[in-house]
Every structure is written in structure tokens, then in C-alpha cells.
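S.K.: Would you mind keeping the following structure in view while I ask a few things?
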Amino acid sequence: TEIDTAGDGLLATFTVPVAAVRFARAVQAVDRTLGLSARVGIHTGEVEQDDRAIRGIAVVIAARIAALADADEILVSGTVRDLTAGSGIGFTDRGLRSLKGVPELRQIYAAVAVDD
């Protein structure tokens with residue numbers, strides 16, 4: 001579900017984390033044909049919803065993870081990696097990272113292979 005767009009950004013929610021990773025990979029493929037590259041951050045957790053806006057620590061974590069990503073890169077939290085086990089998605093460890101506004105360190109992974 002598209003929640004918001006701001007400039008060249010998109011905030012969306014998905015019913016399961018694997019759908020978010022597969023969507024991100026599809027967006028990147030289309031962007032490459034246009035000479036663009038997307039930076040993606042994915043996290044899963046509870047969100048507070050007010051009308052169509054969402055907020056809460058899960059949204060903050062996703063935004064901070066996206067800020068760590070390089071062009072054409074999908075970074076995910078350890079929670080997302082754990083919940084996508086067996087999905088055909090491969091990950092490389094990017095280490096424990098401090099995220100602004102988040103009290104504890106978070107394990108970050110790059111999604112490197114997505115079997116469709």
C-alpha cells in the first residue's frame with residue numbers, strides 16, 4: 001500500500017517482508033532502464049496509523065536503513081532477514097549499525113539475490 005511520496009521517495013507498507021524485498025528489486029530493475037538507481041531500506045514492525053499516515057519506531061528504523069543504502073542497493077534489518085528465511089533471497093552482512101533516533105544497535109544486511 002502506498003502511504004506517501006515525497007520528492008523522489010516512496011513510503012509503502014506490505015503484508016509480508018518478502019513482498020517488500022521483491023517489490024524493491026522490481027522497482028530497481030525498472031529504474032535502471034531509465035538510467036536511475038533507487039536506494040531502499042526495509043524494516044518490519046508495528047506502526048501507528050493516523051488516517052493514511054504511519055509513524056512509530058519501525059518507520060524511523062526503515063528510514064534510517066534507507067539512508068545507509070548506496071544507489072541501487074536494498075538494505076534490510078536483521079528482523080526482515082530472519083522473516084524471509086527460505087524465500088530465495090540472499091543477504092550479505094553489513095554489520096551492527098547505530099541508527100539516529102534508535103536506542104540500540106541494529107544488524108543490517110544487503111539483499112543481494114532475489115529468486116522470483
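So you can find residues: chains in the C-alpha cells are A, B, ... in the order shown, residues in each start at 1, and ligands are numbered from 1 in order.
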Residues at most 6 Å from Ala66 of chain A, counting only C-alpha atoms, excluding those fewer than 2 positions away in the same chain, as a VMD selection string?
M.R.: chain A and resid 40 to 41 63 to 64 68 to 69
S.K.: Could you name the residues that touch Thr44 of chain A at 9 Å or less, counting only C-alpha atoms, but leaving out those on the same chain fewer than 5 positions away, as number ranges by chain?
M.R.: A: 16-17, 58-59, 61-62, 77, 79-80
S.K.: For the residues selected in the previous step, produce a file with all heavy atoms as a compact mmCIF listing (two decimals), in the first residue's frame.
M.R.:
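Output (selection-v4.txt):
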# COMPACT_ATOMS: atom_id res chain seq x y z
N VAL A 16 3.77 -8.80 4.00
CA VAL A 16 4.88 -9.64 4.47
C VAL A 16 6.20 -9.04 3.99
O VAL A 16 6.25 -8.41 2.92
CB VAL A 16 4.75 -11.11 3.97
CG1 VAL A 16 3.55 -11.80 4.61
CG2 VAL A 16 4.65 -11.18 2.47
N PRO A 17 7.29 -9.23 4.74
CA PRO A 17 8.57 -8.64 4.36
C PRO A 17 9.10 -9.10 3.00
O PRO A 17 9.71 -8.32 2.27
CB PRO A 17 9.52 -9.07 5.48
CG PRO A 17 8.64 -9.39 6.63
CD PRO A 17 7.35 -9.87 6.05
N ALA A 58 9.28 1.70 14.02
CA ALA A 58 9.52 0.86 12.84
C ALA A 58 9.71 1.72 11.59
O ALA A 58 10.55 1.41 10.74
CB ALA A 58 8.39 -0.13 12.64
N VAL A 59 8.96 2.81 11.48
CA VAL A 59 9.09 3.72 10.35
C VAL A 59 10.43 4.44 10.42
O VAL A 59 11.12 4.60 9.41
CB VAL A 59 7.92 4.72 10.31
CG1 VAL A 59 8.07 5.71 9.16
CG2 VAL A 59 6.59 3.98 10.20
N ILE A 61 13.18 3.35 11.85
CA ILE A 61 14.24 2.38 11.54
C ILE A 61 14.34 2.17 10.03
O ILE A 61 15.44 2.18 9.46
CB ILE A 61 14.00 1.06 12.29
CG1 ILE A 61 14.21 1.27 13.80
CG2 ILE A 61 14.92 -0.04 11.75
CD1 ILE A 61 13.75 0.10 14.65
N ALA A 62 13.21 2.01 9.35
CA ALA A 62 13.23 1.83 7.89
C ALA A 62 13.87 3.02 7.19
O ALA A 62 14.70 2.86 6.28
CB ALA A 62 11.83 1.59 7.36
N SER A 77 16.78 -4.79 7.75
CA SER A 77 17.12 -5.07 9.14
C SER A 77 17.27 -6.58 9.33
O SER A 77 16.81 -7.38 8.50
CB SER A 77 16.02 -4.55 10.06
OG SER A 77 14.80 -5.26 9.84
N THR A 79 15.67 -8.27 11.37
CA THR A 79 14.31 -8.78 11.51
C THR A 79 13.76 -9.23 10.16
O THR A 79 13.18 -10.31 10.03
CB THR A 79 13.39 -7.70 12.12
OG1 THR A 79 13.97 -7.21 13.32
CG2 THR A 79 12.01 -8.25 12.40
N VAL A 80 13.95 -8.40 9.14
CA VAL A 80 13.49 -8.75 7.79
C VAL A 80 14.23 -9.98 7.29
O VAL A 80 13.61 -10.91 6.75
CB VAL A 80 13.67 -7.56 6.82
CG1 VAL A 80 13.44 -7.98 5.38
CG2 VAL A 80 12.74 -6.43 7.20
S.K.: When DSSP is applied to the backbone of this structure, which of chain A are assigned helix (DSSP H, G or I)? Write them out as an MDAnalysis selection string.
M.R.: chainID A and resid 17:33 57:68 78:83
S.K.: Using the chain letters and numbers from this document, which residues of chain A does DSSP assign to strand (DSSP E), as a PyMOL selection string?
M.R.: chain A and resi 2-6+9-12+39-42+48-50+53-55+73-77+89-97+106-114
S.K.: Print the selection's residues with N, CA and C atoms to a file, as a compact mmCIF listing (two decimals), in the first residue's frame.
M.R.:
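The file below, selection.txt, is the result:
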# COMPACT_ATOMS: atom_id res chain seq x y z
N GLU A 2 0.69 2.10 -0.97
CA GLU A 2 1.43 3.36 -1.00
C GLU A 2 0.91 4.25 0.12
N ILE A 3 1.82 4.71 0.96
CA ILE A 3 1.45 5.59 2.07
C ILE A 3 1.75 7.04 1.73
N ASP A 4 2.93 7.29 1.18
CA ASP A 4 3.33 8.67 0.91
C ASP A 4 4.45 8.70 -0.13
N THR A 5 4.49 9.79 -0.86
CA THR A 5 5.62 10.08 -1.73
C THR A 5 6.11 11.47 -1.37
N ALA A 6 7.40 11.61 -1.34
CA ALA A 6 7.99 12.91 -1.02
C ALA A 6 9.19 13.10 -1.94
N GLY A 9 11.02 10.05 -3.18
CA GLY A 9 10.89 8.93 -2.24
C GLY A 9 9.51 8.32 -2.24
N LEU A 10 9.44 7.09 -1.75
CA LEU A 10 8.19 6.36 -1.62
C LEU A 10 8.17 5.66 -0.27
N LEU A 11 7.07 5.77 0.44
CA LEU A 11 6.86 5.05 1.68
C LEU A 11 5.68 4.12 1.44
N ALA A 12 5.90 2.83 1.64
CA ALA A 12 4.85 1.85 1.38
C ALA A 12 4.86 0.78 2.46
N ARG A 39 17.68 3.73 -3.80
CA ARG A 39 18.21 3.28 -2.52
C ARG A 39 17.02 2.83 -1.71
N VAL A 40 17.11 1.63 -1.11
CA VAL A 40 15.95 1.07 -0.41
C VAL A 40 16.35 0.63 0.99
N GLY A 41 15.49 0.95 1.95
CA GLY A 41 15.62 0.46 3.32
C GLY A 41 14.33 -0.23 3.72
N ILE A 42 14.46 -1.44 4.27
CA ILE A 42 13.27 -2.20 4.65
C ILE A 42 13.40 -2.69 6.09
N GLU A 48 2.08 2.94 13.94
CA GLU A 48 0.89 3.67 14.35
C GLU A 48 0.31 4.30 13.09
N GLN A 49 -0.98 4.12 12.88
CA GLN A 49 -1.62 4.67 11.69
C GLN A 49 -2.61 5.75 12.09
N ASP A 50 -2.52 6.88 11.41
CA ASP A 50 -3.42 8.00 11.61
C ASP A 50 -3.89 8.44 10.24
N ALA A 53 -1.42 8.25 7.16
CA ALA A 53 -0.03 8.40 7.60
C ALA A 53 0.34 7.29 8.56
N ILE A 54 1.60 6.92 8.55
CA ILE A 54 2.10 5.96 9.53
C ILE A 54 3.30 6.57 10.24
N ARG A 55 3.50 6.12 11.47
CA ARG A 55 4.64 6.60 12.25
C ARG A 55 4.97 5.56 13.31
N GLU A 73 20.86 -0.24 -4.16
CA GLU A 73 21.10 -1.18 -3.06
C GLU A 73 19.85 -1.31 -2.20
N ILE A 74 19.59 -2.53 -1.76
CA ILE A 74 18.49 -2.80 -0.84
C ILE A 74 19.10 -3.24 0.48
N LEU A 75 18.89 -2.43 1.52
CA LEU A 75 19.35 -2.80 2.85
C LEU A 75 18.14 -3.15 3.70
N VAL A 76 18.30 -4.16 4.54
CA VAL A 76 17.21 -4.61 5.40
C VAL A 76 17.72 -4.79 6.82
N SER A 77 16.78 -4.79 7.75
CA SER A 77 17.12 -5.07 9.14
C SER A 77 17.27 -6.58 9.33
N ILE A 89 15.81 -15.34 -1.09
CA ILE A 89 16.53 -14.07 -1.03
C ILE A 89 17.84 -14.30 -0.30
N GLY A 90 18.93 -13.84 -0.89
CA GLY A 90 20.25 -13.95 -0.26
C GLY A 90 20.66 -12.62 0.33
N PHE A 91 21.47 -12.68 1.37
CA PHE A 91 21.89 -11.47 2.08
C PHE A 91 23.37 -11.49 2.37
N THR A 92 23.96 -10.31 2.42
CA THR A 92 25.32 -10.16 2.93
C THR A 92 25.26 -9.27 4.16
N ASP A 93 26.07 -9.62 5.13
CA ASP A 93 26.10 -8.92 6.41
C ASP A 93 26.77 -7.56 6.25
N ARG A 94 26.11 -6.52 6.71
CA ARG A 94 26.68 -5.17 6.71
C ARG A 94 27.02 -4.70 8.11
N GLY A 95 26.86 -5.59 9.09
CA GLY A 95 27.30 -5.28 10.43
C GLY A 95 26.26 -4.61 11.31
N LEU A 96 26.65 -4.45 12.58
CA LEU A 96 25.82 -3.74 13.55
C LEU A 96 25.98 -2.25 13.30
N ARG A 97 24.88 -1.55 13.23
CA ARG A 97 24.94 -0.13 12.93
C ARG A 97 24.14 0.66 13.94
N ARG A 106 21.50 -1.99 15.44
CA ARG A 106 20.71 -2.87 14.58
C ARG A 106 21.62 -3.60 13.60
N GLN A 107 21.36 -4.88 13.42
CA GLN A 107 22.09 -5.66 12.43
C GLN A 107 21.50 -5.35 11.05
N ILE A 108 22.38 -5.00 10.11
CA ILE A 108 21.93 -4.61 8.77
C ILE A 108 22.49 -5.60 7.75
N TYR A 109 21.66 -5.91 6.74
CA TYR A 109 22.04 -6.82 5.67
C TYR A 109 21.69 -6.19 4.33
N ALA A 110 22.45 -6.54 3.30
CA ALA A 110 22.11 -6.16 1.93
C ALA A 110 21.46 -7.35 1.25
N ALA A 111 20.33 -7.12 0.61
CA ALA A 111 19.68 -8.17 -0.18
C ALA A 111 20.44 -8.24 -1.50
N VAL A 112 21.05 -9.38 -1.77
CA VAL A 112 21.92 -9.49 -2.94
C VAL A 112 21.40 -10.43 -4.01
N ALA A 113 20.48 -11.30 -3.68
CA ALA A 113 19.93 -12.23 -4.67
C ALA A 113 18.46 -12.42 -4.36
N VAL A 114 17.66 -12.26 -5.38
CA VAL A 114 16.22 -12.45 -5.20
C VAL A 114 15.75 -13.42 -6.26
S.K.: For atom CA of Ala38 of chain A and atom CA of Asp72 of chain A, quote the distance in Å rounded to one decimal.
M.R.: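 If I compute the distance from atom CA of Ala38 of chain A to atom CA of Asp72 of chain A, I get 4.9 Å.
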S.K.: Which polymer residues have any atom within 12 Å of an atom of Gly35 of chain A, counting only C-alpha atoms, with same-chain residues fewer than 6 positions away left out, as a list in words?
M.R.: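 My reading of the contact set: Gln28, Ala29, Ala71 and Asp72 of chain A.
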S.K.: Store the residues picked out above in a file with N, CA, C and O atoms, as an mmCIF file, in the first residue's frame.
M.R.:
data_model
loop_
_atom_site.group_PDB
_atom_site.id
_atom_site.type_symbol
_atom_site.label_atom_id
_atom_site.label_comp_id
_atom_site.auth_asym_id
_atom_site.auth_seq_id
_atom_site.Cartn_x
_atom_site.Cartn_y
_atom_site.Cartn_z
ATOM 1 N N GLN A 28 13.890 -1.353 -8.751
ATOM 2 C CA GLN A 28 15.261 -1.099 -9.183
ATOM 3 C C GLN A 28 15.482 -1.512 -10.633
ATOM 4 O O GLN A 28 16.174 -0.825 -11.378
ATOM 5 N N ALA A 29 14.901 -2.613 -11.048
ATOM 6 C CA ALA A 29 15.051 -3.074 -12.433
ATOM 7 C C ALA A 29 14.459 -2.051 -13.403
ATOM 8 O O ALA A 29 15.066 -1.728 -14.432
ATOM 9 N N ALA A 71 23.346 3.769 -3.956
ATOM 10 C CA ALA A 71 22.500 3.690 -5.149
ATOM 11 C C ALA A 71 22.364 2.241 -5.596
ATOM 12 O O ALA A 71 23.336 1.478 -5.572
ATOM 13 N N ASP A 72 21.159 1.852 -5.980
ATOM 14 C CA ASP A 72 20.842 0.509 -6.466
ATOM 15 C C ASP A 72 21.103 -0.572 -5.415
ATOM 16 O O ASP A 72 21.517 -1.682 -5.742
#
S.K.: Mind giving me the straight-line distance from atom CA of Asp82 of chain A to atom CA of Ala20 of chain A in Å, one decimal?
M.R.: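 Distance reported for this atom pair: 13.9 Å.
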S.K.: For each of A:Thr1, A:Val60, A:Gly86, A:Asp51, take the minimum atom-to-atom distance to Phe23 of chain A, counting only C-alpha atoms, then give the residue where this is smallest.
M.R.: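 Comparing A:Thr1, A:Val60, A:Gly86, A:Asp51 against Phe23 of chain A, the winner is A:Thr1.
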S.K.: I'd like the neighbourhood of Ile57 of chain A as a PyMOL selection string, where a residue qualifies if any of its atoms comes within 9 Å (using only C-alpha atoms), though same-chain residues fewer than 4 positions away should be ignored.
M.R.: chain A and resi 45-47+61-62+101-102
S.K.: For the residues selected in the previous step, produce a file with N, CA, C and O atoms as an mmCIF file, in the first residue's frame.
M.R.:
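After the write, result29.cif holds the following:
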data_model
loop_
_atom_site.group_PDB
_atom_site.id
_atom_site.type_symbol
_atom_site.label_atom_id
_atom_site.label_comp_id
_atom_site.auth_asym_id
_atom_site.auth_seq_id
_atom_site.Cartn_x
_atom_site.Cartn_y
_atom_site.Cartn_z
ATOM 1 N N GLY A 45 7.751 -4.117 11.480
ATOM 2 C CA GLY A 45 7.384 -3.904 12.875
ATOM 3 C C GLY A 45 6.027 -3.240 12.961
ATOM 4 O O GLY A 45 5.378 -2.982 11.949
ATOM 5 N N GLU A 46 5.622 -2.971 14.168
ATOM 6 C CA GLU A 46 4.333 -2.325 14.404
ATOM 7 C C GLU A 46 4.426 -0.845 14.044
ATOM 8 O O GLU A 46 5.437 -0.198 14.306
ATOM 9 N N VAL A 47 3.372 -0.340 13.426
ATOM 10 C CA VAL A 47 3.305 1.085 13.103
ATOM 11 C C VAL A 47 2.020 1.667 13.663
ATOM 12 O O VAL A 47 1.033 0.955 13.847
ATOM 13 N N ILE A 61 13.183 3.349 11.851
ATOM 14 C CA ILE A 61 14.240 2.383 11.536
ATOM 15 C C ILE A 61 14.339 2.168 10.030
ATOM 16 O O ILE A 61 15.440 2.184 9.463
ATOM 17 N N ALA A 62 13.209 2.012 9.348
ATOM 18 C CA ALA A 62 13.234 1.825 7.889
ATOM 19 C C ALA A 62 13.874 3.024 7.194
ATOM 20 O O ALA A 62 14.696 2.865 6.283
ATOM 21 N N GLY A 101 18.292 8.179 16.388
ATOM 22 C CA GLY A 101 16.970 8.131 16.984
ATOM 23 C C GLY A 101 16.526 6.747 17.425
ATOM 24 O O GLY A 101 15.415 6.581 17.903
ATOM 25 N N VAL A 102 17.398 5.761 17.265
ATOM 26 C CA VAL A 102 17.079 4.376 17.650
ATOM 27 C C VAL A 102 18.017 3.991 18.791
ATOM 28 O O VAL A 102 19.234 4.066 18.645
#
S.K.: Find, counting only C-alpha atoms, the residue in A:Thr13, A:Leu99, A:His43, A:Gly88 that gets nearest to Ala67 of chain A.
M.R.: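 Among the listed residues, A:Leu99 lies closest to Ala67 of chain A.
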